[in-house]
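**Student:** My structure is in model.pdb, and what it holds is PDB, C-alpha atoms:
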```pdb
ATOM      1  CA  MET A  30     108.819 -63.969  29.060
ATOM      2  CA  LYS A  31     109.608 -60.808  27.128
ATOM      3  CA  LYS A  32     108.740 -57.455  28.617
ATOM      4  CA  ILE A  33     105.595 -56.058  27.032
ATOM      5  CA  LYS A  34     106.371 -52.886  25.103
ATOM      6  CA  ASP A  35     103.164 -52.665  23.118
ATOM      7  CA  GLU A  36     100.885 -50.247  24.959
ATOM      8  CA  ARG A  37      97.719 -51.991  23.787
ATOM      9  CA  LEU A  38      98.913 -55.327  25.138
ATOM     10  CA  ALA A  39     100.145 -53.734  28.366
ATOM     11  CA  LEU A  40      96.660 -52.326  28.847
ATOM     12  CA  LYS A  41      95.097 -55.666  28.042
ATOM     13  CA  ASN A  42      97.437 -57.314  30.525
ATOM     14  CA  LEU A  43      96.293 -54.900  33.235
ATOM     15  CA  ASN A  44      92.691 -55.737  32.409
ATOM     16  CA  ASN A  45      93.474 -59.449  32.682
ATOM     17  CA  ILE A  46      95.068 -58.882  36.075
ATOM     18  CA  ARG A  47      91.933 -57.023  37.120
ATOM     19  CA  ILE A  48      89.751 -59.965  36.123
ATOM     20  CA  ALA A  49      92.037 -62.352  38.023
ATOM     21  CA  TYR A  50      91.879 -60.055  41.050
ATOM     22  CA  ILE A  51      88.089 -59.990  40.957
ATOM     23  CA  ILE A  52      87.896 -63.788  40.767
ATOM     24  CA  GLN A  53      90.437 -64.120  43.560
ATOM     25  CA  THR A  54      88.448 -61.758  45.757
ATOM     26  CA  ILE A  55      85.234 -63.666  45.056
ATOM     27  CA  GLY A  56      87.062 -66.880  46.015
ATOM     28  CA  ILE A  57      88.396 -65.383  49.247
ATOM     29  CA  LEU A  58      84.948 -64.051  50.113
ATOM     30  CA  GLY A  59      83.457 -67.489  49.383
ATOM     31  CA  ILE A  60      85.926 -69.241  51.694
ATOM     32  CA  LEU A  61      85.431 -66.620  54.418
ATOM     33  CA  GLY A  62      81.653 -66.863  53.993
ATOM     34  CA  TYR A  63      81.858 -70.646  54.365
ATOM     35  CA  ASP A  64      83.966 -70.216  57.515
ATOM     36  CA  PHE A  65      81.456 -67.705  58.839
ATOM     37  CA  VAL A  66      78.562 -70.092  58.325
ATOM     38  CA  THR A  67      80.300 -73.187  59.715
ATOM     39  CA  LYS A  68      82.535 -71.732  62.465
ATOM     40  CA  GLY A  69      80.970 -68.359  63.228
ATOM     41  CA  ILE A  70      82.611 -64.945  63.186
ATOM     42  CA  ASP A  71      85.589 -66.023  65.328
ATOM     43  CA  GLY A  72      86.355 -68.938  63.035
ATOM     44  CA  MET A  73      86.246 -66.587  60.067
ATOM     45  CA  THR A  74      88.644 -64.009  61.525
ATOM     46  CA  GLU A  75      91.088 -66.742  62.568
ATOM     47  CA  ASN A  76      91.559 -67.697  58.921
ATOM     48  CA  PRO A  77      94.735 -66.061  57.519
ATOM     49  CA  LEU A  78      92.700 -65.255  54.416
ATOM     50  CA  TRP A  79      90.783 -62.757  56.545
ATOM     51  CA  PHE A  80      94.019 -60.838  57.095
ATOM     52  CA  VAL A  81      94.798 -60.915  53.369
ATOM     53  CA  PHE A  82      91.300 -59.694  52.555
ATOM     54  CA  ILE A  83      91.440 -56.821  55.064
ATOM     55  CA  LEU A  84      94.928 -55.828  53.899
ATOM     56  CA  THR A  85      93.948 -55.688  50.220
ATOM     57  CA  THR A  86      90.769 -53.791  51.072
ATOM     58  CA  ILE A  87      92.760 -51.169  52.990
ATOM     59  CA  ILE A  88      95.354 -50.875  50.227
ATOM     60  CA  SER A  89      92.680 -50.459  47.555
ATOM     61  CA  ALA A  90      90.916 -47.851  49.729
ATOM     62  CA  TYR A  91      94.144 -45.863  50.091
ATOM     63  CA  LEU A  92      94.892 -46.122  46.368
ATOM     64  CA  SER A  93      91.427 -44.954  45.412
ATOM     65  CA  MET A  94      91.838 -41.926  47.686
ATOM     66  CA  SER A  95      94.343 -40.486  45.228
ATOM     67  CA  ILE A  96      91.717 -40.885  42.501
ATOM     68  CA  SER A  97      88.826 -39.337  44.402
ATOM     69  CA  ILE A  98      90.986 -36.394  45.449
ATOM     70  CA  ASP A  99      91.313 -35.417  41.776
ATOM     71  CA  TYR A 100      87.539 -35.152  41.534
ATOM     72  CA  GLU A 101      87.407 -32.559  44.279
ATOM     73  CA  ALA A 102      86.546 -29.190  42.796
ATOM     74  CA  SER A 103      86.657 -27.150  45.991
ATOM     75  CA  GLU A 104      89.211 -24.413  46.426
ATOM     76  CA  LYS A 105      89.407 -24.937  50.173
ATOM     77  CA  SER A 106      92.899 -24.795  51.585
ATOM     78  CA  PRO A 107      94.240 -28.252  52.448
ATOM     79  CA  LYS A 108      95.402 -27.016  55.840
ATOM     80  CA  LYS A 109      91.901 -25.926  56.846
ATOM     81  CA  SER A 110      90.297 -29.262  55.946
ATOM     82  CA  PHE A 111      93.180 -31.046  57.652
ATOM     83  CA  ILE A 112      92.570 -29.177  60.916
ATOM     84  CA  ASN A 113      88.800 -29.690  60.580
ATOM     85  CA  SER A 114      89.104 -33.450  60.162
ATOM     86  CA  LEU A 115      91.660 -33.581  62.970
ATOM     87  CA  VAL A 116      89.261 -31.819  65.367
ATOM     88  CA  VAL A 117      86.376 -34.115  64.363
ATOM     89  CA  LEU A 118      88.555 -37.211  64.779
ATOM     90  CA  LEU A 119      89.765 -35.981  68.165
ATOM     91  CA  LEU A 120      86.172 -35.390  69.313
ATOM     92  CA  ILE A 121      85.065 -38.848  68.147
ATOM     93  CA  SER A 122      88.042 -40.521  69.845
ATOM     94  CA  ILE A 123      87.415 -38.654  73.118
ATOM     95  CA  VAL A 124      83.677 -39.440  73.091
ATOM     96  CA  VAL A 125      84.296 -43.135  72.361
ATOM     97  CA  GLY A 126      87.023 -43.204  75.038
ATOM     98  CA  ILE A 127      84.676 -41.672  77.616
ATOM     99  CA  LEU A 128      81.874 -44.076  76.659
ATOM    100  CA  VAL A 129      84.245 -47.021  77.116
ATOM    101  CA  VAL A 130      85.298 -45.740  80.546
ATOM    102  CA  LEU A 131      81.637 -45.387  81.541
ATOM    103  CA  THR A 132      80.833 -48.935  80.399
ATOM    104  CA  ASP A 133      80.823 -51.569  83.129
ATOM    105  CA  GLY A 134      83.835 -53.875  83.150
ATOM    106  CA  PHE A 135      86.210 -51.429  81.433
ATOM    107  CA  SER A 136      88.836 -49.391  83.282
ATOM    108  CA  THR A 137      90.047 -45.856  82.552
ATOM    109  CA  VAL A 138      93.162 -47.320  80.929
ATOM    110  CA  ASN A 139      90.963 -49.271  78.511
ATOM    111  CA  GLY A 140      89.125 -46.088  77.579
ATOM    112  CA  ILE A 141      92.340 -44.164  76.965
ATOM    113  CA  MET A 142      93.772 -47.073  74.955
ATOM    114  CA  ILE A 143      90.733 -47.443  72.712
ATOM    115  CA  GLY A 144      90.487 -43.685  72.218
ATOM    116  CA  ALA A 145      94.189 -43.505  71.327
ATOM    117  CA  ILE A 146      93.969 -46.458  68.920
ATOM    118  CA  LEU A 147      90.952 -44.897  67.214
ATOM    119  CA  PHE A 148      92.780 -41.577  66.942
ATOM    120  CA  ILE A 149      95.935 -43.117  65.480
ATOM    121  CA  CYS A 150      93.975 -45.251  62.998
ATOM    122  CA  GLY A 151      92.049 -42.207  61.830
ATOM    123  CA  LEU A 152      95.163 -40.061  61.700
ATOM    124  CA  PHE A 153      96.827 -41.985  58.860
ATOM    125  CA  PRO A 154      94.150 -41.422  56.181
ATOM    126  CA  ILE A 155      93.810 -37.780  57.231
ATOM    127  CA  ILE A 156      97.555 -37.200  56.863
ATOM    128  CA  TYR A 157      97.573 -39.050  53.544
ATOM    129  CA  ILE A 158      94.687 -36.961  52.176
ATOM    130  CA  TYR A 159      96.408 -33.794  53.386
ATOM    131  CA  TYR A 160      99.567 -34.863  51.586
ATOM    132  CA  LEU A 161      97.617 -35.607  48.373
ATOM    133  CA  ARG A 162      95.809 -32.263  48.472
ATOM    134  CA  ARG A 163      99.051 -30.377  49.099
ATOM    135  CA  ARG A 164     100.728 -32.158  46.200
ATOM    136  CA  ASP A 165      97.919 -31.175  43.824
ATOM    137  CA  LYS A 166      98.030 -27.483  44.704
TER     138      LYS A 166
ATOM    139  CA  MET B   6      89.194 -43.381  15.155
ATOM    140  CA  GLU B   7      89.723 -42.935  11.471
ATOM    141  CA  ASN B   8      93.218 -42.219  10.146
ATOM    142  CA  LYS B   9      95.429 -42.347   7.090
ATOM    143  CA  ILE B  10      98.171 -44.593   8.420
ATOM    144  CA  LYS B  11      97.571 -47.325   5.858
ATOM    145  CA  ILE B  12      98.034 -44.925   2.919
ATOM    146  CA  ALA B  13     101.130 -43.366   4.477
ATOM    147  CA  ARG B  14     102.563 -46.794   5.230
ATOM    148  CA  VAL B  15     102.077 -47.995   1.667
ATOM    149  CA  GLN B  16     103.629 -44.772   0.369
ATOM    150  CA  VAL B  17     106.883 -45.439   2.233
ATOM    151  CA  ASP B  18     106.687 -49.090   1.173
ATOM    152  CA  LEU B  19     106.430 -50.698   4.588
ATOM    153  CA  THR B  20     104.425 -53.739   5.616
ATOM    154  CA  GLN B  21     102.463 -53.760   8.861
ATOM    155  CA  GLN B  22     105.132 -56.017  10.339
ATOM    156  CA  GLN B  23     107.967 -53.671   9.320
ATOM    157  CA  LEU B  24     106.175 -50.608  10.643
ATOM    158  CA  ALA B  25     105.394 -52.422  13.881
ATOM    159  CA  GLU B  26     109.040 -53.358  14.354
ATOM    160  CA  LYS B  27     110.137 -49.797  13.606
ATOM    161  CA  VAL B  28     107.745 -48.396  16.203
ATOM    162  CA  GLY B  29     108.336 -51.183  18.713
ATOM    163  CA  ILE B  30     104.834 -52.632  18.932
ATOM    164  CA  THR B  31     103.111 -55.730  17.559
ATOM    165  CA  ARG B  32     101.651 -56.129  14.075
ATOM    166  CA  GLN B  33      98.208 -56.750  15.514
ATOM    167  CA  THR B  34      98.212 -53.336  17.155
ATOM    168  CA  ILE B  35      99.133 -51.636  13.865
ATOM    169  CA  SER B  36      96.316 -53.533  12.181
ATOM    170  CA  LEU B  37      93.801 -52.427  14.829
ATOM    171  CA  ILE B  38      94.963 -48.804  14.632
ATOM    172  CA  GLU B  39      94.611 -48.814  10.837
ATOM    173  CA  LYS B  40      91.126 -50.212  11.159
ATOM    174  CA  GLY B  41      90.321 -47.539  13.722
ATOM    175  CA  LYS B  42      89.548 -50.107  16.386
ATOM    176  CA  TYR B  43      92.269 -49.071  18.800
ATOM    177  CA  ASN B  44      92.881 -45.571  20.075
ATOM    178  CA  PRO B  45      96.671 -45.140  20.324
ATOM    179  CA  SER B  46      98.316 -42.864  22.870
ATOM    180  CA  LEU B  47      99.749 -39.587  21.648
ATOM    181  CA  LYS B  48     103.237 -40.972  22.189
ATOM    182  CA  LEU B  49     102.528 -43.927  19.903
ATOM    183  CA  CYS B  50     100.899 -41.637  17.312
ATOM    184  CA  LEU B  51     104.106 -39.581  17.206
ATOM    185  CA  GLU B  52     106.258 -42.693  16.834
ATOM    186  CA  ILE B  53     104.136 -43.782  13.880
ATOM    187  CA  CYS B  54     104.395 -40.317  12.337
ATOM    188  CA  TYR B  55     108.204 -40.388  12.603
ATOM    189  CA  ALA B  56     108.302 -43.865  11.071
ATOM    190  CA  VAL B  57     106.321 -42.867   7.986
ATOM    191  CA  ASN B  58     107.691 -39.288   7.712
ATOM    192  CA  LYS B  59     104.384 -37.544   8.155
ATOM    193  CA  THR B  60     102.991 -35.059  10.633
ATOM    194  CA  LEU B  61     100.271 -35.728  13.159
ATOM    195  CA  ASP B  62      97.975 -33.485  11.142
ATOM    196  CA  GLU B  63      98.463 -35.447   7.947
ATOM    197  CA  LEU B  64      97.776 -38.795   9.583
ATOM    198  CA  PHE B  65      95.149 -38.090  12.191
ATOM    199  CA  TRP B  66      93.524 -34.715  11.660
ATOM    200  CA  LYS B  67      89.817 -34.718  10.998
ATOM    201  CA  GLU B  68      87.517 -31.702  10.815
ATOM    202  CA  LYS B  69      85.174 -31.539  13.760
ATOM    203  CA  GLY B  70      81.897 -33.327  13.053
ATOM    204  CA  SER B  71      82.980 -34.678   9.659
ATOM    205  CA  ASP B  72      81.777 -38.254   9.045
ATOM    206  CA  GLU B  73      81.774 -39.219  12.702
ATOM    207  CA  LYS B  74      82.033 -42.988  13.009
TER     208      LYS B  74
END
```
Rewrite the coordinates I just gave you, this time as C-alpha coordinates.

**Tutor:**
Amino acid sequence: MKKIKDERLALKNLNNIRIAYIIQTIGILGILGYDFVTKGIDGMTENPLWFVFILTTIISAYLSMSISIDYEASEKSPKKSFINSLVVLLLISIVVGILVVLTDGFSTVNGIMIGAILFICGLFPIIYIYYLRRRDK
Amino acid sequence: MENKIKIARVQVDLTQQQLAEKVGITRQTISLIEKGKYNPSLKLCLEICYAVNKTLDELFWKEKGSDEK
(Lines of atoms letter the chains of each structure in order from A and count residues from 1; the text may use other names and numbers.)
(Lines give C-alpha, C1' and ligand atoms only; values in the text may rest on other atoms or scores of the structure.)
Protein backbone atom coordinates (compact mmCIF):
# COMPACT_ATOMS: atom_id res chain seq x y z
CA MET A 1 0.00 0.00 0.00
CA LYS A 2 1.26 3.46 -0.87
CA LYS A 3 1.83 5.98 1.88
CA ILE A 4 -1.01 8.49 2.00
CA LYS A 5 0.25 11.96 1.15
CA ASP A 6 -3.09 13.61 0.53
CA GLU A 7 -4.04 15.42 3.74
CA ARG A 8 -7.77 14.97 3.14
CA LEU A 9 -7.39 11.22 2.79
CA ALA A 10 -5.03 11.04 5.77
CA LEU A 11 -7.71 12.76 7.83
CA LYS A 12 -10.37 10.43 6.48
CA ASN A 13 -8.15 7.48 7.33
CA LEU A 14 -7.85 8.70 10.92
CA ASN A 15 -11.63 9.00 11.09
CA ASN A 16 -11.98 5.44 9.79
CA ILE A 17 -9.57 4.21 12.44
CA ARG A 18 -11.66 6.03 15.03
CA ILE A 19 -14.81 4.26 13.86
CA ALA A 20 -13.00 0.90 13.96
CA TYR A 21 -11.76 1.70 17.46
CA ILE A 22 -15.26 2.52 18.65
CA ILE A 23 -16.65 -0.73 17.23
CA GLN A 24 -13.77 -2.68 18.74
CA THR A 25 -14.39 -1.13 22.14
CA ILE A 26 -18.11 -1.91 21.92
CA GLY A 27 -17.19 -5.51 21.06
CA ILE A 28 -14.77 -5.80 23.98
CA LEU A 29 -17.35 -4.32 26.33
CA GLY A 30 -19.95 -6.78 24.99
CA ILE A 31 -17.69 -9.77 25.61
CA LEU A 32 -16.73 -8.50 29.07
CA GLY A 33 -20.39 -7.81 29.86
CA TYR A 34 -21.28 -11.36 28.81
CA ASP A 35 -18.49 -12.71 31.04
CA PHE A 36 -19.74 -10.55 33.89
CA VAL A 37 -23.26 -11.90 33.57
CA THR A 38 -22.29 -15.56 33.15
CA LYS A 39 -19.16 -15.85 35.34
CA GLY A 40 -19.40 -12.88 37.68
CA ILE A 41 -16.84 -10.15 38.28
CA ASP A 42 -13.94 -12.58 38.82
CA GLY A 43 -14.64 -14.35 35.54
CA MET A 44 -14.69 -11.00 33.78
CA THR A 45 -11.35 -9.78 35.16
CA GLU A 46 -9.70 -13.12 34.33
CA ASN A 47 -10.38 -12.52 30.64
CA PRO A 48 -7.25 -11.09 28.93
CA LEU A 49 -9.59 -8.68 27.15
CA TRP A 50 -10.11 -6.99 30.51
CA PHE A 51 -6.40 -6.15 30.59
CA VAL A 52 -6.55 -4.80 27.04
CA PHE A 53 -9.59 -2.70 27.89
CA ILE A 54 -8.01 -1.23 31.04
CA LEU A 55 -4.75 -0.53 29.21
CA THR A 56 -6.44 1.32 26.35
CA THR A 57 -8.60 3.26 28.80
CA ILE A 58 -5.52 4.40 30.73
CA ILE A 59 -3.66 5.32 27.55
CA SER A 60 -6.60 7.32 26.23
CA ALA A 61 -6.94 9.06 29.62
CA TYR A 62 -3.27 10.05 29.56
CA LEU A 63 -3.49 11.24 25.95
CA SER A 64 -6.56 13.35 26.65
CA MET A 65 -4.73 15.00 29.56
CA SER A 66 -2.53 16.83 27.07
CA ILE A 67 -5.69 18.12 25.40
CA SER A 68 -7.46 19.25 28.56
CA ILE A 69 -4.33 21.01 29.78
CA ASP A 70 -4.55 23.35 26.78
CA TYR A 71 -8.01 24.42 27.90
CA GLU A 72 -6.72 25.59 31.25
CA ALA A 73 -6.82 29.37 31.39
CA SER A 74 -5.37 29.81 34.87
CA GLU A 75 -2.07 31.57 35.36
CA LYS A 76 -1.20 29.49 38.40
CA SER A 77 2.39 28.35 38.55
CA PRO A 78 2.76 24.67 37.67
CA LYS A 79 4.98 24.11 40.70
CA LYS A 80 2.30 25.33 43.11
CA SER A 81 -0.41 23.06 41.70
CA PHE A 82 2.10 20.21 41.63
CA ILE A 83 2.84 20.61 45.35
CA ASN A 84 -0.88 21.02 46.12
CA SER A 85 -1.85 17.81 44.35
CA LEU A 86 1.11 16.02 45.93
CA VAL A 87 -0.03 17.04 49.44
CA VAL A 88 -3.63 15.98 48.71
CA LEU A 89 -2.47 12.64 47.29
CA LEU A 90 -0.21 12.07 50.30
CA LEU A 91 -3.09 12.81 52.69
CA ILE A 92 -5.44 10.44 50.84
CA SER A 93 -2.82 7.67 50.77
CA ILE A 94 -2.09 8.08 54.50
CA VAL A 95 -5.79 8.11 55.44
CA VAL A 96 -6.52 5.02 53.32
CA GLY A 97 -3.41 3.31 54.75
CA ILE A 98 -4.53 4.04 58.32
CA LEU A 99 -8.08 2.85 57.57
CA VAL A 100 -6.69 -0.42 56.17
CA VAL A 101 -4.55 -0.92 59.29
CA LEU A 102 -7.60 -0.32 61.49
CA THR A 103 -9.69 -2.84 59.52
CA ASP A 104 -9.89 -6.31 61.02
CA GLY A 105 -7.81 -8.95 59.25
CA PHE A 106 -5.25 -6.52 57.80
CA SER A 107 -1.78 -5.99 59.27
CA THR A 108 0.26 -2.78 59.45
CA VAL A 109 2.33 -4.00 56.49
CA ASN A 110 -0.85 -4.29 54.42
CA GLY A 111 -1.78 -0.72 55.30
CA ILE A 112 1.64 0.63 54.37
CA MET A 113 1.62 -1.39 51.13
CA ILE A 114 -1.81 -0.19 50.02
CA GLY A 115 -0.99 3.40 50.97
CA ALA A 116 2.28 3.22 49.03
CA ILE A 117 0.63 1.65 45.97
CA LEU A 118 -2.06 4.34 46.00
CA PHE A 119 0.58 7.04 46.30
CA ILE A 120 2.70 5.68 43.45
CA CYS A 121 -0.33 5.21 41.17
CA GLY A 122 -1.44 8.77 41.83
CA LEU A 123 2.07 10.13 41.43
CA PHE A 124 2.38 9.30 37.72
CA PRO A 125 -0.53 11.43 36.44
CA ILE A 126 0.52 14.29 38.73
CA ILE A 127 4.07 14.24 37.38
CA TYR A 128 2.77 13.99 33.82
CA ILE A 129 0.44 16.97 34.28
CA TYR A 130 3.28 18.94 35.87
CA TYR A 131 5.46 18.14 32.88
CA LEU A 132 2.71 19.20 30.44
CA ARG A 133 2.08 22.48 32.28
CA ARG A 134 5.80 23.26 32.41
CA ARG A 135 6.15 22.58 28.70
CA ASP A 136 3.32 24.99 27.87
CA LYS A 137 4.76 27.87 29.88
CA MET B 1 -14.95 27.87 1.33
CA GLU B 2 -15.16 29.72 -1.93
CA ASN B 3 -12.00 30.23 -4.00
CA LYS B 4 -10.69 30.98 -7.46
CA ILE B 5 -8.54 27.90 -7.96
CA LYS B 6 -10.51 26.67 -10.96
CA ILE B 7 -10.01 29.94 -12.87
CA ALA B 8 -6.32 30.07 -11.98
CA ARG B 9 -5.88 26.44 -12.97
CA VAL B 10 -7.50 26.97 -16.36
CA GLN B 11 -5.37 30.07 -16.90
CA VAL B 12 -2.14 28.07 -16.56
CA ASP B 13 -3.68 25.32 -18.69
CA LEU B 14 -3.65 22.51 -16.15
CA THR B 15 -6.20 19.76 -15.64
CA GLN B 16 -7.29 18.76 -12.15
CA GLN B 17 -5.18 15.62 -12.50
CA GLN B 18 -2.07 17.59 -13.52
CA LEU B 19 -2.49 20.09 -10.71
CA ALA B 20 -3.04 17.27 -8.24
CA GLU B 21 0.15 15.54 -9.34
CA LYS B 22 2.09 18.80 -9.13
CA VAL B 23 0.89 19.42 -5.58
CA GLY B 24 1.15 15.78 -4.53
CA ILE B 25 -2.48 15.07 -3.68
CA THR B 26 -5.34 13.23 -5.39
CA ARG B 27 -7.60 14.62 -8.11
CA GLN B 28 -10.65 14.13 -5.93
CA THR B 29 -9.22 16.47 -3.31
CA ILE B 30 -8.59 19.18 -5.92
CA SER B 31 -12.16 18.75 -7.13
CA LEU B 32 -13.55 19.10 -3.59
CA ILE B 33 -11.40 22.17 -2.90
CA GLU B 34 -12.59 23.83 -6.12
CA LYS B 35 -16.17 23.12 -5.18
CA GLY B 36 -15.51 24.57 -1.74
CA LYS B 37 -16.42 21.32 -0.03
CA TYR B 38 -13.04 20.71 1.56
CA ASN B 39 -11.11 23.16 3.69
CA PRO B 40 -7.42 22.71 2.81
CA SER B 41 -4.62 23.34 5.29
CA LEU B 42 -2.57 26.48 4.87
CA LYS B 43 0.36 24.36 3.72
CA LEU B 44 -1.72 22.83 0.93
CA CYS B 45 -3.11 26.26 -0.02
CA LEU B 46 0.46 27.51 -0.46
CA GLU B 47 1.41 24.50 -2.57
CA ILE B 48 -1.55 25.18 -4.84
CA CYS B 49 -0.59 28.85 -5.09
CA TYR B 50 2.97 27.94 -6.13
CA ALA B 51 1.64 25.48 -8.71
CA VAL B 52 -0.58 28.05 -10.43
CA ASN B 53 1.73 31.07 -9.89
CA LYS B 54 -0.69 33.07 -7.81
CA THR B 55 -0.66 34.50 -4.32
CA LEU B 56 -2.81 33.37 -1.43
CA ASP B 57 -4.70 36.65 -1.68
CA GLU B 58 -5.57 36.15 -5.32
CA LEU B 59 -6.87 32.63 -4.81
CA PHE B 60 -8.49 32.67 -1.41
CA TRP B 61 -9.08 36.20 -0.18
CA LYS B 62 -12.65 37.18 0.45
CA GLU B 63 -13.89 40.38 2.09
CA LYS B 64 -15.35 39.74 5.51
CA GLY B 65 -19.09 39.08 5.35
CA SER B 66 -19.26 39.10 1.54
CA ASP B 67 -21.61 36.41 0.16
CA GLU B 68 -21.09 34.02 3.05
CA LYS B 69 -21.94 30.50 1.93

**Student:** Do me a favour and pick out the residues of chain A within 12 Å of chain B, using only C-alpha atoms, as a PyMOL selection string.

**Tutor:** chain A and resi 32-41

**Student:** Work out how far atom CA of Ser36 of chain B is from atom CA of Thr60 of chain B, in Å to one decimal.

**Tutor:**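 Spanning atom CA of Thr60 of chain B to atom CA of Ser36 of chain B is a straight-line distance of 19.7 Å.
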
**Student:** Check the smallest atom-to-atom distance from each of B:Ala13, B:Met6, B:Leu47, B:Leu19 to Glu63 of chain B using all atoms listed in the file, then report the winner.

**Tutor:**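 Among the listed residues, the smallest separation from Glu63 of chain B belongs to B:Ala13.
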
**Student:** So the first atom is atom CA of Lys67 of chain B and the second is atom CA of Leu51 of chain B; what is the distance between them in Å, to one decimal place?

**Tutor:**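 According to the coordinates, atom CA of Lys67 of chain B and atom CA of Leu51 of chain B are separated by 16.3 Å.
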
**Student:** Smallest atom-to-atom distance to Thr86 of chain A: which of A:Arg163, A:Ile149, A:Thr54, A:Val129, using only C-alpha atoms?

**Tutor:**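 Among the listed residues, the smallest separation from Thr86 of chain A belongs to A:Thr54.
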
**Student:** When distances are computed from all atoms listed in the file, which of B:Gly70, B:Lys42, B:Cys50, B:Val57 shows the smallest separation from Val15 of chain B?

**Tutor:**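 Ranked by minimum distance to Val15 of chain B, first place goes to B:Val57.
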
**Student:** Taking all atoms of segment 81-96 of chain A that the file lists, what box with edges along x, y and z, padded by 6 Å per side, do you get, with centre and edge lengths in Å to one decimal, as JSON?

**Tutor:**
```
{"center_x": 93.1, "center_y": -50.7, "center_z": 48.8, "size_x": 16.6, "size_y": 32.4, "size_z": 24.6}
```

**Student:** Name the residues that the PyMOL selection byres ((chain B and resi 14) around 10) pulls out of this structure, and write them as an MDAnalysis selection string.

**Tutor:** chainID B and resid 9:13 15:21 23:24 39 53:54 56:59

**Student:** Rounded to one decimal place, report the atom CA of Val130 of chain A-atom CA of Leu118 of chain A distance in Å.

**Tutor:**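 According to the coordinates, atom CA of Val130 of chain A and atom CA of Leu118 of chain A are separated by 18.2 Å.
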
**Student:** Using the chain letters and numbers from the file, give me the residues hit by the PyMOL selection byres ((chain A and resi 123) around 10), as a list in words.

**Tutor:**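 In the shown coordinates, the PyMOL selection byres ((chain A and resi 123) around 10) covers Val117, Leu118, Leu119, Leu120, Ile121, Ser122, Val124, Val125, Gly126, Ile127, Leu128, Val129, Gly140, Ile141, Ile143, Gly144, Ala145, Leu147 and Phe148 of chain A.
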
**Student:** Would you mind completing segment 51-65 of chain B to N, CA and C atoms and writing the output as an mmCIF file, keeping the file's coordinate frame?

**Tutor:**
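Saved result, result-v5.cif, follows:
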```cif
data_model
loop_
_atom_site.group_PDB
_atom_site.id
_atom_site.type_symbol
_atom_site.label_atom_id
_atom_site.label_comp_id
_atom_site.auth_asym_id
_atom_site.auth_seq_id
_atom_site.Cartn_x
_atom_site.Cartn_y
_atom_site.Cartn_z
ATOM 1 N N LEU B 51 102.898 -40.284 17.645
ATOM 2 C CA LEU B 51 104.106 -39.581 17.206
ATOM 3 C C LEU B 51 105.129 -40.564 16.649
ATOM 4 N N GLU B 52 105.303 -41.692 17.311
ATOM 5 C CA GLU B 52 106.258 -42.693 16.834
ATOM 6 C C GLU B 52 105.893 -43.149 15.426
ATOM 7 N N ILE B 53 104.594 -43.349 15.208
ATOM 8 C CA ILE B 53 104.136 -43.782 13.880
ATOM 9 C C ILE B 53 104.425 -42.690 12.856
ATOM 10 N N CYS B 54 104.149 -41.438 13.236
ATOM 11 C CA CYS B 54 104.395 -40.317 12.337
ATOM 12 C C CYS B 54 105.871 -40.261 11.926
ATOM 13 N N TYR B 55 106.765 -40.416 12.916
ATOM 14 C CA TYR B 55 108.204 -40.388 12.603
ATOM 15 C C TYR B 55 108.565 -41.525 11.653
ATOM 16 N N ALA B 56 107.948 -42.692 11.868
ATOM 17 C CA ALA B 56 108.302 -43.865 11.071
ATOM 18 C C ALA B 56 107.875 -43.715 9.613
ATOM 19 N N VAL B 57 106.782 -42.994 9.367
ATOM 20 C CA VAL B 57 106.321 -42.867 7.986
ATOM 21 C C VAL B 57 106.560 -41.454 7.422
ATOM 22 N N ASN B 58 107.326 -40.644 8.155
ATOM 23 C CA ASN B 58 107.691 -39.288 7.712
ATOM 24 C C ASN B 58 106.491 -38.398 7.405
ATOM 25 N N LYS B 59 105.540 -38.427 8.308
ATOM 26 C CA LYS B 59 104.384 -37.544 8.155
ATOM 27 C C LYS B 59 104.174 -36.791 9.463
ATOM 28 N N THR B 60 103.312 -35.768 9.389
ATOM 29 C CA THR B 60 102.991 -35.059 10.633
ATOM 30 C C THR B 60 101.716 -35.637 11.231
ATOM 31 N N LEU B 61 101.494 -35.279 12.478
ATOM 32 C CA LEU B 61 100.271 -35.728 13.159
ATOM 33 C C LEU B 61 99.038 -35.292 12.376
ATOM 34 N N ASP B 62 99.082 -34.040 11.923
ATOM 35 C CA ASP B 62 97.975 -33.485 11.142
ATOM 36 C C ASP B 62 97.646 -34.354 9.935
ATOM 37 N N GLU B 63 98.674 -34.698 9.189
ATOM 38 C CA GLU B 63 98.463 -35.447 7.947
ATOM 39 C C GLU B 63 97.864 -36.823 8.208
ATOM 40 N N LEU B 64 98.247 -37.440 9.322
ATOM 41 C CA LEU B 64 97.776 -38.795 9.583
ATOM 42 C C LEU B 64 96.449 -38.841 10.333
ATOM 43 N N PHE B 65 96.278 -37.917 11.282
ATOM 44 C CA PHE B 65 95.149 -38.090 12.191
ATOM 45 C C PHE B 65 94.118 -36.970 12.159
#
```
